[in-house]
Amino acid sequence: MKTDIVIIGCGSTGEAAAAWFSLRGKRVALCDAERFIPQMETMRGRGGILLRGNAGITGRAMPALLTADFAEALASSSRVLVCVPALRHEEIARLCRPCLKAEHCVLVVPGNMGSLVFRSVFAEDESCAANRACIAEMSDNLWACRTTGPAEVLVALPMKDKRIAAFPAGDTPRVLEAFKDMLPLAAGGNVLETALNSPNVVTHVAGCVPNAAGIDRSGGKFAFFRDGLSASVIKCSAAVEAERDAVLERLGLARYMQVTALSEKLMQGTPPGFEAFVELDGPGNLRHRYVEEDAMCGMSLLVSLAEACGVDVPVSRSLLCLAGVFNGTDYAESGRNLKNLGLAGLAPQEILVRLC
């Protein structure tokens, strides 16, 4: 079977993407590991995935192919979206490695420097064709979305233009060409630029750490943009954003947007169209991905890179430390720092050259 796109991941983003593309007339292969087969059977039993909310199109749609067979899925199309949490990047890279060919273009959504993880896994077998595939990543997620029931997902806000970069960056034009009729994409400078420009780097850890008591007491009913915003929390996010911007400037990389502007806007009341976004659930506890994933990825990267660049980031470093205290994890050591990404010991300009 031939499809227009392969989506890997049966979480909220993967389900939303599979339904969205299918409703727009694209043939979709939705694939994940074998432990997700019961979830796929639920989709079949319900006649597809129900897409609700603000994605620009709603309804129930069945992907053309639902499978846990990565060889079958990846043989169906050369366009691949990987929509899984960062903690699963290595697992997915290992499942994809035997099946990828030189013609494949893989886009990791959201990126979180996952392209380097994929390349590292592929490099374990120098002869495999996966080493010649294009691996790119997106700066943030396709949508803010949540699973709201079996085979049912809610998208809170419409999709906007997305920045992507490949590793190496010279492959970015090829990925843009591959996805040009599928998604609204623009080129980022490199994967460091796209990763550091993720809004999650600025908002999630900086917002969750000051809200720790409220999250602990919420009984899993906390909604960050409804319950967690305050003038003091926004000051924390703004301080992280300023530190992040200083690192970007030191490296000569672009800043895409002022992230805290949205939080400040939401403090004044819910703008039209943001009602579903404000009510999105999470974090229900401090192991939620707003802390676990974003400390491990964006915040760990920011602190590590700042040290290499000679930029002081005391607020980001302190928040990363406190997140680690909450969860008994040294995120600065175990996260996606320069050492764990294979970039240790390089001067800032050498890192940029390595990513070209």
# chains A, B, ... in the order shown; residues from 1 in each chain; ligands from 1
$ residues_around --residues "stretch 276-287 of chain A" --least-positions-apart "5" --cutoff "10 Å" --atoms "only C-alpha atoms" --output "PDB file with N, CA and C atoms, in the first residue's frame"
ATOM      1  N   GLY A  53     -12.462  20.409  18.041  1.00  0.00           N
ATOM      2  CA  GLY A  53     -11.768  21.632  18.410  1.00  0.00           C
ATOM      3  C   GLY A  53     -11.486  22.563  17.258  1.00  0.00           C
ATOM      4  N   ASN A  54     -10.271  23.120  17.244  1.00  0.00           N
ATOM      5  CA  ASN A  54      -9.940  24.263  16.403  1.00  0.00           C
ATOM      6  C   ASN A  54      -8.845  23.980  15.382  1.00  0.00           C
ATOM      7  N   ALA A 144      -1.440  22.572  20.149  1.00  0.00           N
ATOM      8  CA  ALA A 144      -1.728  22.248  21.547  1.00  0.00           C
ATOM      9  C   ALA A 144      -2.946  21.341  21.529  1.00  0.00           C
ATOM     10  N   CYS A 145      -2.790  20.103  21.969  1.00  0.00           N
ATOM     11  CA  CYS A 145      -3.888  19.143  21.844  1.00  0.00           C
ATOM     12  C   CYS A 145      -3.871  18.165  23.015  1.00  0.00           C
ATOM     13  N   ARG A 146      -5.010  17.516  23.202  1.00  0.00           N
ATOM     14  CA  ARG A 146      -5.145  16.523  24.267  1.00  0.00           C
ATOM     15  C   ARG A 146      -6.039  15.381  23.788  1.00  0.00           C
ATOM     16  N   LEU A 154      -8.698  16.485  21.012  1.00  0.00           N
ATOM     17  CA  LEU A 154      -9.102  17.888  20.926  1.00  0.00           C
ATOM     18  C   LEU A 154      -7.898  18.741  20.557  1.00  0.00           C
ATOM     19  N   VAL A 155      -8.031  19.559  19.518  1.00  0.00           N
ATOM     20  CA  VAL A 155      -7.014  20.539  19.140  1.00  0.00           C
ATOM     21  C   VAL A 155      -7.494  21.902  19.613  1.00  0.00           C
ATOM     22  N   ALA A 156      -6.646  22.606  20.382  1.00  0.00           N
ATOM     23  CA  ALA A 156      -7.091  23.835  21.027  1.00  0.00           C
ATOM     24  C   ALA A 156      -6.955  25.069  20.149  1.00  0.00           C
ATOM     25  N   LEU A 157      -5.929  25.113  19.284  1.00  0.00           N
ATOM     26  CA  LEU A 157      -5.673  26.295  18.459  1.00  0.00           C
ATOM     27  C   LEU A 157      -5.330  25.869  17.041  1.00  0.00           C
ATOM     28  N   HIS A 204       7.230  26.286  30.445  1.00  0.00           N
ATOM     29  CA  HIS A 204       6.760  25.136  31.211  1.00  0.00           C
ATOM     30  C   HIS A 204       7.463  24.947  32.547  1.00  0.00           C
ATOM     31  N   VAL A 205       8.772  24.793  32.554  1.00  0.00           N
ATOM     32  CA  VAL A 205       9.468  24.609  33.839  1.00  0.00           C
ATOM     33  C   VAL A 205       9.360  25.880  34.674  1.00  0.00           C
ATOM     34  N   CYS A 208       5.844  25.825  36.110  1.00  0.00           N
ATOM     35  CA  CYS A 208       5.448  24.719  36.998  1.00  0.00           C
ATOM     36  C   CYS A 208       6.170  24.763  38.344  1.00  0.00           C
ATOM     37  N   VAL A 209       7.425  25.147  38.356  1.00  0.00           N
ATOM     38  CA  VAL A 209       8.159  25.168  39.624  1.00  0.00           C
ATOM     39  C   VAL A 209       7.511  26.123  40.632  1.00  0.00           C
ATOM     40  N   ASN A 211       4.491  26.910  40.783  1.00  0.00           N
ATOM     41  CA  ASN A 211       3.153  26.385  41.047  1.00  0.00           C
ATOM     42  C   ASN A 211       3.168  25.007  41.690  1.00  0.00           C
ATOM     43  N   ALA A 212       4.313  24.578  42.211  1.00  0.00           N
ATOM     44  CA  ALA A 212       4.442  23.200  42.692  1.00  0.00           C
ATOM     45  C   ALA A 212       3.391  22.838  43.740  1.00  0.00           C
ATOM     46  N   ALA A 213       3.149  23.711  44.704  1.00  0.00           N
ATOM     47  CA  ALA A 213       2.179  23.393  45.758  1.00  0.00           C
ATOM     48  C   ALA A 213       0.776  23.241  45.174  1.00  0.00           C
ATOM     49  N   GLY A 214       0.397  24.154  44.287  1.00  0.00           N
ATOM     50  CA  GLY A 214      -0.920  24.070  43.674  1.00  0.00           C
ATOM     51  C   GLY A 214      -1.090  22.817  42.840  1.00  0.00           C
ATOM     52  N   ILE A 215      -0.041  22.433  42.126  1.00  0.00           N
ATOM     53  CA  ILE A 215      -0.105  21.209  41.320  1.00  0.00           C
ATOM     54  C   ILE A 215      -0.233  19.992  42.230  1.00  0.00           C
ATOM     55  N   ASP A 216       0.557  19.960  43.307  1.00  0.00           N
ATOM     56  CA  ASP A 216       0.505  18.838  44.237  1.00  0.00           C
ATOM     57  C   ASP A 216      -0.887  18.688  44.859  1.00  0.00           C
ATOM     58  N   ARG A 217      -1.542  19.796  45.115  1.00  0.00           N
ATOM     59  CA  ARG A 217      -2.841  19.763  45.797  1.00  0.00           C
ATOM     60  C   ARG A 217      -4.032  19.630  44.853  1.00  0.00           C
ATOM     61  N   SER A 218      -3.775  19.625  43.560  1.00  0.00           N
ATOM     62  CA  SER A 218      -4.862  19.722  42.573  1.00  0.00           C
ATOM     63  C   SER A 218      -5.600  18.409  42.361  1.00  0.00           C
ATOM     64  N   GLY A 219      -5.028  17.301  42.817  1.00  0.00           N
ATOM     65  CA  GLY A 219      -5.650  16.009  42.551  1.00  0.00           C
ATOM     66  C   GLY A 219      -5.693  15.678  41.072  1.00  0.00           C
ATOM     67  N   GLY A 220      -4.716  16.202  40.339  1.00  0.00           N
ATOM     68  CA  GLY A 220      -4.641  15.937  38.905  1.00  0.00           C
ATOM     69  C   GLY A 220      -5.531  16.821  38.070  1.00  0.00           C
ATOM     70  N   LYS A 221      -6.102  17.876  38.669  1.00  0.00           N
ATOM     71  CA  LYS A 221      -7.079  18.718  37.958  1.00  0.00           C
ATOM     72  C   LYS A 221      -6.508  20.093  37.608  1.00  0.00           C
ATOM     73  N   PHE A 222      -5.212  20.227  37.591  1.00  0.00           N
ATOM     74  CA  PHE A 222      -4.578  21.521  37.323  1.00  0.00           C
ATOM     75  C   PHE A 222      -4.578  21.804  35.822  1.00  0.00           C
ATOM     76  N   ALA A 223      -4.918  23.034  35.439  1.00  0.00           N
ATOM     77  CA  ALA A 223      -4.821  23.498  34.051  1.00  0.00           C
ATOM     78  C   ALA A 223      -3.918  24.718  34.049  1.00  0.00           C
ATOM     79  N   PHE A 224      -2.742  24.593  33.463  1.00  0.00           N
ATOM     80  CA  PHE A 224      -1.701  25.607  33.625  1.00  0.00           C
ATOM     81  C   PHE A 224      -2.166  27.008  33.220  1.00  0.00           C
ATOM     82  N   PHE A 225      -2.781  27.139  32.054  1.00  0.00           N
ATOM     83  CA  PHE A 225      -3.119  28.477  31.575  1.00  0.00           C
ATOM     84  C   PHE A 225      -4.397  29.017  32.205  1.00  0.00           C
ATOM     85  N   ARG A 226      -5.104  28.182  32.960  1.00  0.00           N
ATOM     86  CA  ARG A 226      -6.253  28.649  33.733  1.00  0.00           C
ATOM     87  C   ARG A 226      -5.868  28.913  35.181  1.00  0.00           C
ATOM     88  N   ASP A 227      -5.086  27.999  35.752  1.00  0.00           N
ATOM     89  CA  ASP A 227      -4.810  28.040  37.188  1.00  0.00           C
ATOM     90  C   ASP A 227      -3.411  28.536  37.537  1.00  0.00           C
ATOM     91  N   GLY A 228      -2.493  28.532  36.597  1.00  0.00           N
ATOM     92  CA  GLY A 228      -1.093  28.724  36.940  1.00  0.00           C
ATOM     93  C   GLY A 228      -0.476  30.054  36.605  1.00  0.00           C
ATOM     94  N   LEU A 266      -3.102  36.532  28.166  1.00  0.00           N
ATOM     95  CA  LEU A 266      -4.067  35.662  28.844  1.00  0.00           C
ATOM     96  C   LEU A 266      -4.383  36.161  30.248  1.00  0.00           C
ATOM     97  N   THR A 270      -9.475  35.871  28.636  1.00  0.00           N
ATOM     98  CA  THR A 270      -9.337  34.884  27.568  1.00  0.00           C
ATOM     99  C   THR A 270      -9.724  35.505  26.231  1.00  0.00           C
ATOM    100  N   PRO A 271      -8.766  35.643  25.297  1.00  0.00           N
ATOM    101  CA  PRO A 271      -9.108  36.208  23.990  1.00  0.00           C
ATOM    102  C   PRO A 271     -10.036  35.270  23.227  1.00  0.00           C
ATOM    103  N   GLU A 292       9.031  17.039  33.387  1.00  0.00           N
ATOM    104  CA  GLU A 292       9.964  15.951  33.080  1.00  0.00           C
ATOM    105  C   GLU A 292      10.621  16.140  31.707  1.00  0.00           C
ATOM    106  N   GLU A 293       9.813  16.305  30.675  1.00  0.00           N
ATOM    107  CA  GLU A 293      10.365  16.411  29.323  1.00  0.00           C
ATOM    108  C   GLU A 293      11.054  17.750  29.088  1.00  0.00           C
ATOM    109  N   ALA A 323      13.488  21.619  39.670  1.00  0.00           N
ATOM    110  CA  ALA A 323      12.724  20.555  39.004  1.00  0.00           C
ATOM    111  C   ALA A 323      13.345  19.201  39.299  1.00  0.00           C
ATOM    112  N   PHE A 326      12.449  18.088  42.849  1.00  0.00           N
ATOM    113  CA  PHE A 326      11.076  17.571  42.919  1.00  0.00           C
ATOM    114  C   PHE A 326      11.011  16.115  42.473  1.00  0.00           C
ATOM    115  N   ASN A 327      11.753  15.787  41.422  1.00  0.00           N
ATOM    116  CA  ASN A 327      11.612  14.471  40.792  1.00  0.00           C
ATOM    117  C   ASN A 327      12.794  13.537  41.043  1.00  0.00           C
TER     118      ASN A 327
END
$ residues_around --residues "A:Ala33" --least-positions-apart "2" --cutoff "7 Å" --atoms "only C-alpha atoms" --output "list of chain:residue names"
A:Arg35, A:Phe36, A:Ala68
$ write_last_selection --atoms "N, CA and C atoms" --output "PDB file, in the first residue's frame"
ATOM      1  N   ARG A  35       2.892  -2.413  21.636  1.00  0.00           N
ATOM      2  CA  ARG A  35       2.060  -2.212  22.824  1.00  0.00           C
ATOM      3  C   ARG A  35       0.892  -1.258  22.564  1.00  0.00           C
ATOM      4  N   PHE A  36       0.898  -0.598  21.413  1.00  0.00           N
ATOM      5  CA  PHE A  36      -0.199   0.300  21.064  1.00  0.00           C
ATOM      6  C   PHE A  36      -1.245  -0.374  20.171  1.00  0.00           C
ATOM      7  N   ALA A  68       1.516  -1.824  13.512  1.00  0.00           N
ATOM      8  CA  ALA A  68       2.692  -1.817  14.386  1.00  0.00           C
ATOM      9  C   ALA A  68       3.916  -2.348  13.647  1.00  0.00           C
TER      10      ALA A  68
END
$ residues_around --residues "A:Asp294" --least-positions-apart "6" --cutoff "10 Å" --atoms "only C-alpha atoms" --output "list of chain:residue names"
A:Ala86, A:Asn112, A:Ser198, A:Asn200, A:Val201, A:Val202, A:Thr203, A:His204, A:Val205, A:Ala206, A:His288, A:Ser300, A:Leu301, A:Leu320, A:Ala323, A:Tyr331, A:Gly335
$ closest_residue --among "A:Leu352, A:Ala64, A:Val6, A:Ala246" --to "A:Glu307" --atoms "only C-alpha atoms"
A:Ala246
$ select_by_dssp --residues "stretch 49-285 of chain A" --states "alpha helix (DSSP H)" --output "CSV table (one decimal) with N, CA and C atoms, in the first residue's frame"
chain,number,residue,atom,x,y,z
A,70,PHE,N,6.7,-1.5,11.4
A,70,PHE,CA,7.4,-0.3,10.9
A,70,PHE,C,7.9,-0.5,9.5
A,71,ALA,N,8.3,-1.7,9.1
A,71,ALA,CA,8.7,-1.9,7.7
A,71,ALA,C,7.5,-1.7,6.8
A,72,GLU,N,6.3,-2.2,7.1
A,72,GLU,CA,5.1,-1.9,6.3
A,72,GLU,C,4.8,-0.4,6.2
A,73,ALA,N,4.8,0.2,7.3
A,73,ALA,CA,4.5,1.7,7.3
A,73,ALA,C,5.5,2.5,6.5
A,74,LEU,N,6.8,2.3,6.7
A,74,LEU,CA,7.8,3.1,6.1
A,74,LEU,C,8.0,2.8,4.6
A,89,HIS,N,12.3,9.0,21.7
A,89,HIS,CA,13.1,9.2,20.5
A,89,HIS,C,14.0,8.0,20.2
A,90,GLU,N,14.8,7.6,21.2
A,90,GLU,CA,15.7,6.5,20.9
A,90,GLU,C,15.0,5.2,20.5
A,91,GLU,N,13.9,4.9,21.2
A,91,GLU,CA,13.1,3.7,20.9
A,91,GLU,C,12.7,3.8,19.5
A,92,ILE,N,12.1,4.9,19.0
A,92,ILE,CA,11.6,5.0,17.7
A,92,ILE,C,12.7,5.0,16.7
A,93,ALA,N,13.8,5.6,17.0
A,93,ALA,CA,15.0,5.5,16.0
A,93,ALA,C,15.4,4.1,15.8
A,94,ARG,N,15.4,3.3,16.8
A,94,ARG,CA,15.8,1.9,16.7
A,94,ARG,C,14.8,1.1,15.9
A,95,LEU,N,13.5,1.4,16.0
A,95,LEU,CA,12.5,0.7,15.3
A,95,LEU,C,12.5,1.1,13.8
A,96,CYS,N,12.9,2.4,13.5
A,96,CYS,CA,12.9,2.9,12.2
A,96,CYS,C,14.2,2.5,11.4
A,114,GLY,N,16.0,16.0,18.9
A,114,GLY,CA,15.8,14.5,18.6
A,114,GLY,C,16.5,14.1,17.4
A,115,SER,N,16.8,15.0,16.4
A,115,SER,CA,17.5,14.6,15.2
A,115,SER,C,18.9,14.1,15.6
A,116,LEU,N,19.5,14.6,16.6
A,116,LEU,CA,20.9,14.1,17.0
A,116,LEU,C,20.7,12.8,17.6
A,117,VAL,N,19.6,12.5,18.3
A,117,VAL,CA,19.4,11.2,18.9
A,117,VAL,C,19.2,10.2,17.8
A,118,PHE,N,18.4,10.5,16.8
A,118,PHE,CA,18.2,9.6,15.6
A,118,PHE,C,19.6,9.3,14.9
A,119,ARG,N,20.3,10.4,14.7
A,119,ARG,CA,21.6,10.2,14.0
A,119,ARG,C,22.6,9.3,14.8
A,120,SER,N,22.6,9.5,16.1
A,120,SER,CA,23.4,8.7,16.9
A,120,SER,C,23.1,7.2,16.8
A,121,VAL,N,21.8,6.9,16.9
A,121,VAL,CA,21.3,5.5,16.8
A,121,VAL,C,21.7,5.0,15.4
A,122,PHE,N,21.4,5.7,14.4
A,122,PHE,CA,21.7,5.2,13.0
A,122,PHE,C,23.2,5.0,12.8
A,123,ALA,N,24.1,5.8,13.4
A,123,ALA,CA,25.5,5.7,13.3
A,123,ALA,C,26.1,4.4,13.9
A,172,THR,N,18.0,20.8,5.1
A,172,THR,CA,16.7,21.4,5.3
A,172,THR,C,15.9,21.7,4.1
A,173,PRO,N,16.5,22.2,3.0
A,173,PRO,CA,15.7,22.5,1.7
A,173,PRO,C,15.1,21.2,1.2
A,174,ARG,N,15.7,20.1,1.3
A,174,ARG,CA,15.1,18.8,0.8
A,174,ARG,C,13.9,18.5,1.7
A,175,VAL,N,13.9,18.7,3.0
A,175,VAL,CA,12.8,18.4,3.8
A,175,VAL,C,11.6,19.3,3.5
A,176,LEU,N,11.9,20.6,3.4
A,176,LEU,CA,10.9,21.6,3.0
A,176,LEU,C,10.2,21.2,1.7
A,177,GLU,N,11.0,20.8,0.7
A,177,GLU,CA,10.4,20.3,-0.5
A,177,GLU,C,9.5,19.1,-0.4
A,178,ALA,N,9.9,18.2,0.5
A,178,ALA,CA,9.2,16.9,0.7
A,178,ALA,C,7.8,17.2,1.3
A,191,VAL,N,19.3,23.1,14.1
A,191,VAL,CA,18.5,22.5,15.1
A,191,VAL,C,18.6,23.1,16.5
A,192,LEU,N,19.8,23.8,16.8
A,192,LEU,CA,19.9,24.5,18.0
A,192,LEU,C,18.9,25.7,18.0
A,193,GLU,N,18.8,26.4,17.0
A,193,GLU,CA,17.9,27.5,16.9
A,193,GLU,C,16.5,27.1,17.0
A,194,THR,N,16.1,26.0,16.3
A,194,THR,CA,14.7,25.6,16.5
A,194,THR,C,14.4,25.1,17.8
A,195,ALA,N,15.3,24.3,18.4
A,195,ALA,CA,15.1,23.8,19.8
A,195,ALA,C,15.0,24.9,20.8
A,196,LEU,N,15.8,25.8,20.8
A,196,LEU,CA,15.8,26.9,21.8
A,196,LEU,C,14.6,27.8,21.6
A,199,PRO,N,8.5,27.3,22.5
A,199,PRO,CA,7.9,28.1,23.6
A,199,PRO,C,8.0,27.3,24.9
A,200,ASN,N,8.1,26.0,24.9
A,200,ASN,CA,8.1,25.2,26.1
A,200,ASN,C,9.4,25.5,26.9
A,201,VAL,N,10.4,25.9,26.3
A,201,VAL,CA,11.7,26.2,27.0
A,201,VAL,C,11.4,27.4,28.0
A,202,VAL,N,10.6,28.3,27.5
A,202,VAL,CA,10.4,29.5,28.3
A,202,VAL,C,9.3,29.3,29.4
A,203,THR,N,8.2,28.6,29.0
A,203,THR,CA,7.0,28.7,29.8
A,203,THR,C,6.8,27.5,30.8
A,204,HIS,N,7.2,26.3,30.4
A,204,HIS,CA,6.8,25.1,31.2
A,204,HIS,C,7.5,24.9,32.5
A,205,VAL,N,8.8,24.8,32.6
A,205,VAL,CA,9.5,24.6,33.8
A,205,VAL,C,9.4,25.9,34.7
A,206,ALA,N,9.5,27.0,34.0
A,206,ALA,CA,9.4,28.3,34.7
A,206,ALA,C,8.0,28.6,35.3
A,207,GLY,N,7.0,27.9,34.7
A,207,GLY,CA,5.7,28.1,35.3
A,207,GLY,C,5.3,27.0,36.3
A,208,CYS,N,5.8,25.8,36.1
A,208,CYS,CA,5.4,24.7,37.0
A,208,CYS,C,6.2,24.8,38.3
A,212,ALA,N,4.3,24.6,42.2
A,212,ALA,CA,4.4,23.2,42.7
A,212,ALA,C,3.4,22.8,43.7
A,213,ALA,N,3.1,23.7,44.7
A,213,ALA,CA,2.2,23.4,45.8
A,213,ALA,C,0.8,23.2,45.2
A,214,GLY,N,0.4,24.2,44.3
A,214,GLY,CA,-0.9,24.1,43.7
A,214,GLY,C,-1.1,22.8,42.8
A,215,ILE,N,0.0,22.4,42.1
A,215,ILE,CA,-0.1,21.2,41.3
A,215,ILE,C,-0.2,20.0,42.2
A,216,ASP,N,0.6,20.0,43.3
A,216,ASP,CA,0.5,18.8,44.2
A,216,ASP,C,-0.9,18.7,44.9
A,217,ARG,N,-1.5,19.8,45.1
A,217,ARG,CA,-2.8,19.8,45.8
A,217,ARG,C,-4.0,19.6,44.9
A,224,PHE,N,-2.7,24.6,33.5
A,224,PHE,CA,-1.7,25.6,33.6
A,224,PHE,C,-2.2,27.0,33.2
A,225,PHE,N,-2.8,27.1,32.1
A,225,PHE,CA,-3.1,28.5,31.6
A,225,PHE,C,-4.4,29.0,32.2
A,226,ARG,N,-5.1,28.2,33.0
A,226,ARG,CA,-6.3,28.6,33.7
A,226,ARG,C,-5.9,28.9,35.2
A,227,ASP,N,-5.1,28.0,35.8
A,227,ASP,CA,-4.8,28.0,37.2
A,227,ASP,C,-3.4,28.5,37.5
A,231,ALA,N,1.3,37.3,37.9
A,231,ALA,CA,2.3,38.3,37.6
A,231,ALA,C,3.7,37.7,38.0
A,232,SER,N,3.8,37.0,39.1
A,232,SER,CA,5.1,36.5,39.5
A,232,SER,C,5.5,35.4,38.7
A,233,VAL,N,4.6,34.5,38.2
A,233,VAL,CA,5.0,33.4,37.4
A,233,VAL,C,5.5,33.9,36.0
A,234,ILE,N,4.8,34.9,35.5
A,234,ILE,CA,5.2,35.5,34.2
A,234,ILE,C,6.6,36.2,34.4
A,235,LYS,N,6.9,36.7,35.5
A,235,LYS,CA,8.3,37.3,35.8
A,235,LYS,C,9.3,36.2,35.6
A,236,CYS,N,9.0,35.0,36.2
A,236,CYS,CA,10.0,33.9,36.0
A,236,CYS,C,10.2,33.5,34.6
A,237,SER,N,9.1,33.4,33.8
A,237,SER,CA,9.2,33.0,32.4
A,237,SER,C,9.9,34.1,31.6
A,238,ALA,N,9.6,35.4,32.0
A,238,ALA,CA,10.3,36.5,31.3
A,238,ALA,C,11.8,36.4,31.5
A,239,ALA,N,12.2,36.1,32.8
A,239,ALA,CA,13.6,36.0,33.1
A,239,ALA,C,14.3,34.9,32.3
A,240,VAL,N,13.6,33.7,32.2
A,240,VAL,CA,14.2,32.6,31.4
A,240,VAL,C,14.2,33.0,29.9
A,241,GLU,N,13.2,33.7,29.4
A,241,GLU,CA,13.2,34.2,28.0
A,241,GLU,C,14.4,35.1,27.8
A,242,ALA,N,14.7,36.0,28.7
A,242,ALA,CA,15.8,36.9,28.5
A,242,ALA,C,17.1,36.2,28.5
A,243,GLU,N,17.2,35.1,29.3
A,243,GLU,CA,18.5,34.3,29.4
A,243,GLU,C,18.6,33.5,28.1
A,244,ARG,N,17.5,32.9,27.6
A,244,ARG,CA,17.5,32.2,26.4
A,244,ARG,C,17.9,33.1,25.2
A,245,ASP,N,17.3,34.3,25.2
A,245,ASP,CA,17.6,35.3,24.1
A,245,ASP,C,19.1,35.7,24.1
A,246,ALA,N,19.7,35.8,25.3
A,246,ALA,CA,21.1,36.1,25.4
A,246,ALA,C,22.0,35.0,24.8
A,247,VAL,N,21.6,33.8,25.0
A,247,VAL,CA,22.3,32.6,24.4
A,247,VAL,C,22.2,32.6,22.9
A,248,LEU,N,20.9,32.8,22.4
A,248,LEU,CA,20.7,32.9,20.9
A,248,LEU,C,21.6,34.0,20.3
A,249,GLU,N,21.6,35.2,21.0
A,249,GLU,CA,22.3,36.3,20.4
A,249,GLU,C,23.8,36.0,20.4
A,250,ARG,N,24.3,35.4,21.5
A,250,ARG,CA,25.8,35.1,21.5
A,250,ARG,C,26.2,34.1,20.3
A,251,LEU,N,25.2,33.3,20.0
A,251,LEU,CA,25.5,32.3,18.9
A,251,LEU,C,25.1,32.8,17.5
A,260,THR,N,6.5,35.2,26.2
A,260,THR,CA,5.7,35.6,27.4
A,260,THR,C,4.6,36.6,27.0
A,261,ALA,N,4.6,37.1,25.8
A,261,ALA,CA,3.5,38.1,25.4
A,261,ALA,C,2.2,37.4,25.4
A,262,LEU,N,2.1,36.1,25.1
A,262,LEU,CA,0.8,35.4,25.1
A,262,LEU,C,0.4,35.2,26.6
A,263,SER,N,1.3,34.9,27.5
A,263,SER,CA,0.9,34.7,28.9
A,263,SER,C,0.4,36.0,29.4
A,264,GLU,N,1.0,37.1,29.1
A,264,GLU,CA,0.6,38.5,29.5
A,264,GLU,C,-0.8,38.8,29.0
A,265,LYS,N,-1.0,38.4,27.7
A,265,LYS,CA,-2.4,38.6,27.1
A,265,LYS,C,-3.4,37.8,27.8
A,266,LEU,N,-3.1,36.5,28.2
A,266,LEU,CA,-4.1,35.7,28.8
A,266,LEU,C,-4.4,36.2,30.2
A,267,MET,N,-3.4,36.9,30.9
A,267,MET,CA,-3.7,37.4,32.2
A,267,MET,C,-4.8,38.5,32.2
A,275,GLU,N,-10.5,29.8,24.2
A,275,GLU,CA,-11.3,29.2,25.3
A,275,GLU,C,-10.8,27.7,25.5
A,276,ALA,N,-10.7,27.0,24.5
A,276,ALA,CA,-10.2,25.6,24.6
A,276,ALA,C,-8.8,25.5,25.1
A,277,PHE,N,-8.0,26.4,24.6
A,277,PHE,CA,-6.5,26.4,25.0
A,277,PHE,C,-6.4,26.6,26.5
A,278,VAL,N,-7.1,27.6,27.1
A,278,VAL,CA,-7.0,27.9,28.5
A,278,VAL,C,-7.4,26.7,29.4
$ closest_residue --among "A:Gly59, A:Pro85, A:Pro150, A:Gly111" --to "A:Pro38" --atoms "only C-alpha atoms"
A:Pro150
$ residues_around --residues "A:Ala130" --least-positions-apart "2" --cutoff "7 Å" --atoms "only C-alpha atoms" --output "ChimeraX atom specification"
/A:97,100-102,122,128,132-133
$ write_last_selection --atoms "C-alpha atoms" --output "short mmCIF file (atom, residue, chain, number, x, y, z; two decimals), in the first residue's frame"
data_model
loop_
_atom_site.label_atom_id
_atom_site.label_comp_id
_atom_site.auth_asym_id
_atom_site.auth_seq_id
_atom_site.Cartn_x
_atom_site.Cartn_y
_atom_site.Cartn_z
CA ARG A 97 16.63 2.19 11.51
CA LEU A 100 14.59 3.72 6.37
CA LYS A 101 16.05 4.35 2.94
CA ALA A 102 17.99 7.25 1.46
CA PHE A 122 21.74 5.23 13.01
CA CYS A 128 22.57 1.07 7.10
CA ARG A 132 21.48 8.66 4.16
CA ALA A 133 17.90 9.64 5.05
#
$ atom_distance --atom1 "atom CA of A:Val259" --atom2 "atom CA of A:Arg317"
19.1 Å
$ select_by_dssp --residues "stretch 89-230 of chain A" --states "strand (DSSP E or B)" --output "ChimeraX atom specification"
/A:105-108,134-138,145-149,152-155,162-166,185-187,223
$ residues_around --residues "A:Lys2" --least-positions-apart "5" --cutoff "12 Å" --atoms "only C-alpha atoms" --output "list of chain:residue names"
A:Lys26, A:Arg27, A:Val28, A:Ala29, A:Ala64, A:Leu65, A:Glu72, A:Ala73, A:Leu74, A:Ala75, A:Ser76, A:Ser77, A:Ser78, A:Arg79
$ write_last_selection --atoms "C-alpha atoms" --output "PDB file, in the first residue's frame"
ATOM      1  CA  LYS A  26      -4.560  12.381   2.390  1.00  0.00           C
ATOM      2  CA  ARG A  27      -3.792   8.692   2.680  1.00  0.00           C
ATOM      3  CA  VAL A  28      -2.180   8.211   6.095  1.00  0.00           C
ATOM      4  CA  ALA A  29      -0.237   5.366   7.667  1.00  0.00           C
ATOM      5  CA  ALA A  64      -5.595   4.225   5.395  1.00  0.00           C
ATOM      6  CA  LEU A  65      -3.167   2.020   7.309  1.00  0.00           C
ATOM      7  CA  GLU A  72       5.148  -1.935   6.276  1.00  0.00           C
ATOM      8  CA  ALA A  73       4.485   1.658   7.298  1.00  0.00           C
ATOM      9  CA  LEU A  74       7.790   3.093   6.112  1.00  0.00           C
ATOM     10  CA  ALA A  75       7.531   1.293   2.773  1.00  0.00           C
ATOM     11  CA  SER A  76       4.292   3.186   2.110  1.00  0.00           C
ATOM     12  CA  SER A  77       5.726   6.716   1.936  1.00  0.00           C
ATOM     13  CA  SER A  78       9.009   8.612   2.022  1.00  0.00           C
ATOM     14  CA  ARG A  79       7.451  11.359   4.221  1.00  0.00           C
TER      15      ARG A  79
END
$ closest_residue --among "A:Leu229, A:Ala136, A:Ile49, A:Thr329" --to "A:Gly269" --atoms "only C-alpha atoms"
A:Leu229
$ atom_distance --atom1 "atom CA of A:Met159" --atom2 "atom CA of A:Cys297"
23.1 Å
$ atom_distance --atom1 "atom CA of A:Ala306" --atom2 "atom CA of A:Gly324"
18.6 Å
